[in-house]
Amino acid sequence: MNIIITGLITGSMLALLAISFSLIFGVARIVNIAHTAFYMVAAYCIFSLTGKFGLNPIAGMMIAVVVVTVLGLLAYKFLIDPIREHEAAVLIATIALAMIFQEAVMLIYTGDYRTVSALIEGYFIVTGVKVFYQQVLTFGVVLVVLALLWFLLMKTKLGLAIRSTAEDREVANLMGMNDSRLAMITMGISVALAGFTGAVLAPLTVLSPFMWMEPLIIMMAVVVLGGLGSIKGSFVAAFILGFTEALVVFMIPKGAFLKGSVALTIMILVLLLRPEGLFGISFEEER
Amino acid sequence: MVAAGLYLKRFYTVVRGEVLVLPSRVIVALFFLVLLGMPLISQDPYLIRIIVLTSIFAILAASWDLLSGFTGQMNFGHALFFGVGAYASAMLNVHLQIPPWVCVPLAAVAAVLTGLLVGIPCLRLKHTYLALTTMAFPIILMGIVFALPDITGGELGISGLQRISNSMIGNYYIYVVTMLVLCTIMWKITDSHTGIIFHAIREDELAVKASGINTTRYKLMAFCLSGFFAGIAGGLYAHYMRIAGPSTLEVSMSFTVVIWAVFGGIATIYGPIAAVFILFPLLEFVRFWPEYRMLIFAVVVLLILLYMPEGLIPWVRDKIEKECPRCKIRNVATRKTCRICTAVLD
């Protein structure tokens, strides 16, 4: 039971992160290393809004998501957009950005571990295992957001534009889609989702300035495993890796050390058999 | 006497005709001279320590450039080779009591084998998939290190290694000369036939395949060569710090290597080396404000990239040198005509 709950929570969090990460990769070919740093910033925002200013937690979440989105758009406009043609430079820029966030958070909040109080207290017991209401709430909210995202991508005009740009940028451009504006919008959505993940997850984890490193690696594993740019793939892969981690932690002694290793080994094994990931489409060689 | 005089004259002519004509060559020559003559001027242990560490990381950054800059196989887990080198050397030295000067080459061999192990599965992957997959390997190894604390020392690492040489100056010369030699070898490799094929693989792998070159073999070779140099760097680092810990395998280690190389300009070899010699001491000298250290580092990198996305060193080189439009030979920027074919420089 513990395994199922942990797996579901980790899986849903990874799914949100991975999908938003592959969105911006698909549209603008930006590998955004700072993605999980935004998630950390959102969590800290909530910490200070609810803890220091005594705001309502839900209002705190809203403000945190808005703050993170604005930060993301500013970073994109002034730091990433000017050097977009140089892929390696963009990569380093996002790494540097993540480091700046980490250091800034470290300066403001120091390196101590922090916790955020839950939205709703209490728990119920299923087959002898405590299930906190907060966990149920997080899982439910994540599912709702995923459904909304699916609707946005599949049923609206903006979603069509995003998907077609991801598939072929040049042709989408010829068909009258404003490439750079679309990239900007997608960056906004992607960062907002990262911030949102941070917001809903903050009550369940411990906050530290280094909390972006670990999810970053697993998120990348999810993206690669599911196939870059495939939303269904990211979703399935997120739950596969989420459950693997939970299984390893609970079943194997010293599993907490090995959880990352096992998840990543699975990813490498799958890639050996299917180099384009589970649901990825093998693109024509780009030259 | 006459023969010696002739050699001296010839040496002078070569220096005047080949080195002094180009500012970049003058800088490289000065770099060699300053590094080798440093202990004669100052024997400050702190300064020597910084130069030794900088040299080790210069090897590492250049070896990343050899693999990722030249063949375009973006490796985000370069810390793997460094960590394997450090741990292999430490285990051989502490558990089996093998002297350091045997350990380091053995560590390099271990890193080459790791390169093969990583390179073979990675051959099937391209671009971003490759970058994200290679990032996973050091983390897998780190998990194993933590899970086997009896052999690897777990979180504390293996400590109590022997120094390569017990005198400070001797150590300094061993490290600096190794760095200069290895970097020259790497630069020669990239300048050779093999290096041209590496470069071609990055530009257009299909075209290289079509020219009848076995690109798989060359890509594996790049992995092994890079692993070899990074493994030596790892072994040297372990023996200098006298400890091999999990920090050598961290994600931030891999990232820092990439930052150095891209900052200096990829596919140049001298770029990453210069970048390490600029950034690493810089990071040391702002130690007066320890809490702002990484912040300053990140901001400097970000600003430089914003204005010189090609990297710092190629940008500087383009400012002080011009390429002759006719014979493609480089000239000082102040010259009006080419020094070889006298064509007018624009």
# chains A, B, ... in the order shown; residues from 1 in each chain; ligands from 1
>>> closest_atom_pairs(of="chain B", to="chain A", cutoff="8 Å", atoms="only C-alpha atoms", output="CSV")
residue,atom,partner,partner_atom,distance
B:Pro121,CA,A:Leu272,CA,6.2
B:Arg124,CA,A:Pro275,CA,6.3
B:Leu125,CA,A:Pro275,CA,5.9
B:Tyr129,CA,A:Val224,CA,6.2
B:Leu132,CA,A:Met220,CA,6.3
B:Thr133,CA,A:Ile268,CA,7.1
B:Met135,CA,A:Ile217,CA,7.7
B:Ala136,CA,A:Leu264,CA,6.0
B:Phe137,CA,A:Leu264,CA,7.9
B:Ile139,CA,A:Ser261,CA,6.3
B:Ile140,CA,A:Ser261,CA,4.0
B:Leu141,CA,A:Ser261,CA,7.3
B:Met142,CA,A:Ser261,CA,7.8
B:Gly143,CA,A:Leu258,CA,4.9
B:Ile144,CA,A:Leu258,CA,6.8
B:Phe146,CA,A:Phe257,CA,6.2
B:Ala147,CA,A:Phe257,CA,6.4
B:Asp204,CA,A:Arg287,CA,7.2
B:Val251,CA,A:Met213,CA,7.9
B:Phe255,CA,A:Ile95,CA,7.5
B:Val258,CA,A:Ile92,CA,7.4
B:Ile259,CA,A:Ile92,CA,5.9
B:Val262,CA,A:Ala89,CA,6.8
B:Glu291,CA,A:Leu107,CA,7.0
B:Tyr292,CA,A:Glu103,CA,7.6
B:Met294,CA,A:Glu103,CA,6.8
B:Leu295,CA,A:Ile100,CA,5.5
B:Ala298,CA,A:Ala96,CA,4.8
B:Val299,CA,A:Ala96,CA,7.2
B:Val301,CA,A:Ala96,CA,7.0
B:Leu302,CA,A:Ala93,CA,5.6
B:Leu305,CA,A:Ala89,CA,6.5
B:Leu306,CA,A:Ile83,CA,6.5
B:Pro309,CA,A:Ala89,CA,5.9
B:Glu310,CA,A:His86,CA,7.7
>>> write_last_selection(atoms="C-alpha atoms", output="mmCIF file, in the first residue's frame")
data_model
loop_
_atom_site.group_PDB
_atom_site.id
_atom_site.type_symbol
_atom_site.label_atom_id
_atom_site.label_comp_id
_atom_site.auth_asym_id
_atom_site.auth_seq_id
_atom_site.Cartn_x
_atom_site.Cartn_y
_atom_site.Cartn_z
ATOM 1 C CA PRO B 121 25.159 1.653 -25.759
ATOM 2 C CA ARG B 124 22.677 4.220 -30.920
ATOM 3 C CA LEU B 125 21.539 7.506 -29.423
ATOM 4 C CA TYR B 129 18.849 11.636 -26.043
ATOM 5 C CA LEU B 132 20.405 13.108 -21.166
ATOM 6 C CA THR B 133 21.439 9.442 -21.077
ATOM 7 C CA MET B 135 24.052 12.234 -17.472
ATOM 8 C CA ALA B 136 22.602 9.091 -15.869
ATOM 9 C CA PHE B 137 25.830 7.069 -15.694
ATOM 10 C CA ILE B 139 24.524 8.861 -10.823
ATOM 11 C CA ILE B 140 24.207 5.104 -11.256
ATOM 12 C CA LEU B 141 27.812 4.689 -10.174
ATOM 13 C CA MET B 142 27.235 7.000 -7.226
ATOM 14 C CA GLY B 143 24.358 4.799 -6.083
ATOM 15 C CA ILE B 144 26.660 1.774 -6.245
ATOM 16 C CA PHE B 146 26.898 4.446 -1.549
ATOM 17 C CA ALA B 147 25.560 0.900 -1.483
ATOM 18 C CA ASP B 204 27.608 15.783 -40.829
ATOM 19 C CA VAL B 251 26.044 16.198 -11.267
ATOM 20 C CA PHE B 255 27.978 20.568 -15.308
ATOM 21 C CA VAL B 258 30.589 21.656 -19.596
ATOM 22 C CA ILE B 259 30.452 25.251 -18.358
ATOM 23 C CA VAL B 262 31.517 26.117 -23.539
ATOM 24 C CA GLU B 291 28.219 33.194 0.083
ATOM 25 C CA TYR B 292 28.366 35.103 -3.207
ATOM 26 C CA MET B 294 28.781 30.620 -6.978
ATOM 27 C CA LEU B 295 26.433 33.521 -7.692
ATOM 28 C CA ALA B 298 27.064 31.925 -12.650
ATOM 29 C CA VAL B 299 26.459 35.585 -13.463
ATOM 30 C CA VAL B 301 29.252 32.885 -17.278
ATOM 31 C CA LEU B 302 25.773 34.072 -18.221
ATOM 32 C CA LEU B 305 27.661 33.909 -23.149
ATOM 33 C CA LEU B 306 25.072 36.606 -23.809
ATOM 34 C CA PRO B 309 27.840 32.858 -27.668
ATOM 35 C CA GLU B 310 30.785 31.269 -29.509
#
>>> residues_around(residues="B:Leu113", least_positions_apart="3", cutoff="10 Å", atoms="only C-alpha atoms", output="compact mmCIF listing (two decimals) with N, CA and C atoms, in the first residue's frame")
# COMPACT_ATOMS: atom_id res chain seq x y z
N PHE B 81 34.04 9.59 -15.88
CA PHE B 81 35.44 9.22 -16.14
C PHE B 81 36.34 9.72 -15.02
N VAL B 84 35.69 7.57 -11.95
CA VAL B 84 36.27 6.24 -12.09
C VAL B 84 37.77 6.32 -11.92
N ALA B 107 44.46 3.66 -13.49
CA ALA B 107 43.18 4.35 -13.38
C ALA B 107 42.73 4.82 -14.75
N ALA B 108 43.69 5.30 -15.54
CA ALA B 108 43.34 5.76 -16.89
C ALA B 108 42.82 4.59 -17.71
N VAL B 109 43.43 3.40 -17.54
CA VAL B 109 42.96 2.22 -18.28
C VAL B 109 41.52 1.89 -17.85
N ALA B 110 41.28 1.98 -16.52
CA ALA B 110 39.92 1.72 -16.03
C ALA B 110 38.94 2.68 -16.67
N LEU B 116 34.46 2.60 -23.04
CA LEU B 116 33.91 1.58 -23.94
C LEU B 116 32.52 1.17 -23.48
N LEU B 117 32.40 0.94 -22.16
CA LEU B 117 31.15 0.46 -21.59
C LEU B 117 30.02 1.46 -21.83
N VAL B 118 30.36 2.74 -21.70
CA VAL B 118 29.34 3.77 -21.90
C VAL B 118 29.15 4.02 -23.39
N GLY B 119 30.25 4.00 -24.11
CA GLY B 119 30.20 4.36 -25.52
C GLY B 119 29.38 3.41 -26.35
N PHE B 223 35.33 8.29 -27.41
CA PHE B 223 34.94 7.99 -26.03
C PHE B 223 36.15 7.48 -25.23
N CYS B 224 36.91 6.56 -25.84
CA CYS B 224 38.04 5.98 -25.12
C CYS B 224 39.13 7.01 -24.85
N GLY B 227 38.01 9.34 -22.25
CA GLY B 227 38.03 8.66 -20.97
C GLY B 227 39.44 8.53 -20.43
N PHE B 228 40.39 8.26 -21.32
CA PHE B 228 41.79 8.10 -20.91
C PHE B 228 42.29 9.37 -20.23
>>> closest_residue(among="A:Leu201, A:Ile231, A:Met187, A:Ile266", to="A:Leu74", atoms="only C-alpha atoms")
A:Met187
>>> residues_around(residues="B:Val208", least_positions_apart="3", cutoff="12 Å", atoms="only C-alpha atoms", output="PyMOL selection string")
chain B and resi 71+196-205+211-216+218-219
>>> residues_around(residues="A:Ile162", least_positions_apart="2", cutoff="8 Å", atoms="only C-alpha atoms", output="list in words")
Val27, Leu153, Leu158, Gly159, Leu160, Ser164, Thr165, Ala166, Leu182 and Thr186 of chain A
>>> select_by_dssp(residues="stretch 35-254 of chain A", states="strand (DSSP E or B)", output="PyMOL selection string")
chain A and resi 114+123-126+129-132+207
>>> atom_distance(atom1="atom CA of A:Ile185", atom2="atom CA of A:Pro209")
27.6 Å
>>> closest_residue(among="B:Lys336, B:Tyr237, B:Ser42, B:Cys324", to="B:Thr54", atoms="only C-alpha atoms")
B:Tyr237
>>> atom_distance(atom1="atom CA of A:Leu216", atom2="atom CA of A:Thr36")
5.8 Å
>>> residues_around(residues="A:Ile240", least_positions_apart="2", cutoff="10 Å", atoms="only C-alpha atoms", output="list in words")
Gly7, Leu8, Gly11, Val222, Leu225, Gly226, Ser234, Phe235, Val236, Ala237, Ala238, Gly242, Phe243, Thr244, Glu245, Ala263 and Ile266 of chain A
>>> write_last_selection(atoms="C-alpha atoms", output="compact mmCIF listing (two decimals), in the first residue's frame")
# COMPACT_ATOMS: atom_id res chain seq x y z
CA GLY A 7 4.51 5.54 -6.53
CA LEU A 8 1.39 7.46 -7.47
CA GLY A 11 4.69 9.42 -10.67
CA VAL A 222 11.30 10.10 -17.75
CA LEU A 225 12.25 6.92 -21.56
CA GLY A 226 8.89 8.12 -22.80
CA SER A 234 6.08 10.98 -20.57
CA PHE A 235 2.92 10.12 -18.63
CA VAL A 236 3.46 6.35 -18.81
CA ALA A 237 7.20 6.59 -18.17
CA ALA A 238 6.65 8.86 -15.17
CA GLY A 242 7.75 6.50 -9.92
CA PHE A 243 6.72 2.96 -9.00
CA THR A 244 10.22 1.60 -9.55
CA GLU A 245 11.62 4.13 -7.11
CA ALA A 263 15.47 3.93 -12.29
CA ILE A 266 15.87 0.78 -16.49
>>> atom_distance(atom1="atom CA of B:Ala29", atom2="atom CA of B:Tyr7")
19.3 Å
>>> residues_around(residues="stretch 87-89 of chain B", least_positions_apart="6", cutoff="10 Å", atoms="only C-alpha atoms", output="number ranges by chain")
B: 81, 98-111, 145, 152, 157-158, 161, 231-232, 234-239, 243-246, 248-249
>>> write_last_selection(atoms="C-alpha atoms", output="PDB file, in the first residue's frame")
ATOM      1  CA  PHE B  81      35.437   9.219 -16.137  1.00  0.00           C
ATOM      2  CA  ILE B  98      50.468   0.062  -5.333  1.00  0.00           C
ATOM      3  CA  PRO B  99      52.673   3.176  -5.763  1.00  0.00           C
ATOM      4  CA  PRO B 100      50.922   6.236  -7.217  1.00  0.00           C
ATOM      5  CA  TRP B 101      52.897   6.413 -10.452  1.00  0.00           C
ATOM      6  CA  VAL B 102      51.524   2.951 -11.368  1.00  0.00           C
ATOM      7  CA  CYS B 103      48.038   3.689 -10.035  1.00  0.00           C
ATOM      8  CA  VAL B 104      47.377   6.686 -12.234  1.00  0.00           C
ATOM      9  CA  PRO B 105      48.009   4.919 -15.562  1.00  0.00           C
ATOM     10  CA  LEU B 106      45.964   1.937 -14.320  1.00  0.00           C
ATOM     11  CA  ALA B 107      43.178   4.349 -13.378  1.00  0.00           C
ATOM     12  CA  ALA B 108      43.344   5.755 -16.887  1.00  0.00           C
ATOM     13  CA  VAL B 109      42.959   2.222 -18.276  1.00  0.00           C
ATOM     14  CA  ALA B 110      39.924   1.723 -16.033  1.00  0.00           C
ATOM     15  CA  ALA B 111      38.459   4.945 -17.385  1.00  0.00           C
ATOM     16  CA  VAL B 145      29.368   3.629  -4.313  1.00  0.00           C
ATOM     17  CA  THR B 152      34.351   2.491  -1.517  1.00  0.00           C
ATOM     18  CA  GLY B 157      35.157   8.279   0.335  1.00  0.00           C
ATOM     19  CA  ILE B 158      38.596   6.699   0.460  1.00  0.00           C
ATOM     20  CA  LEU B 161      46.304   8.184  -0.402  1.00  0.00           C
ATOM     21  CA  GLY B 231      40.848   9.192 -16.014  1.00  0.00           C
ATOM     22  CA  ILE B 232      44.381  10.521 -15.641  1.00  0.00           C
ATOM     23  CA  GLY B 234      40.826  11.866 -11.874  1.00  0.00           C
ATOM     24  CA  GLY B 235      43.774   9.804 -10.638  1.00  0.00           C
ATOM     25  CA  LEU B 236      45.971  12.880 -10.287  1.00  0.00           C
ATOM     26  CA  TYR B 237      43.213  14.682  -8.415  1.00  0.00           C
ATOM     27  CA  ALA B 238      42.748  11.787  -5.982  1.00  0.00           C
ATOM     28  CA  HIS B 239      46.475  11.682  -5.233  1.00  0.00           C
ATOM     29  CA  ILE B 243      40.953  11.477  -0.939  1.00  0.00           C
ATOM     30  CA  ALA B 244      38.513  10.116  -3.517  1.00  0.00           C
ATOM     31  CA  GLY B 245      34.963  10.943  -2.506  1.00  0.00           C
ATOM     32  CA  PRO B 246      31.525  10.914  -4.078  1.00  0.00           C
ATOM     33  CA  THR B 248      33.951  13.568  -7.941  1.00  0.00           C
ATOM     34  CA  LEU B 249      30.811  11.940  -9.380  1.00  0.00           C
TER      35      LEU B 249
END
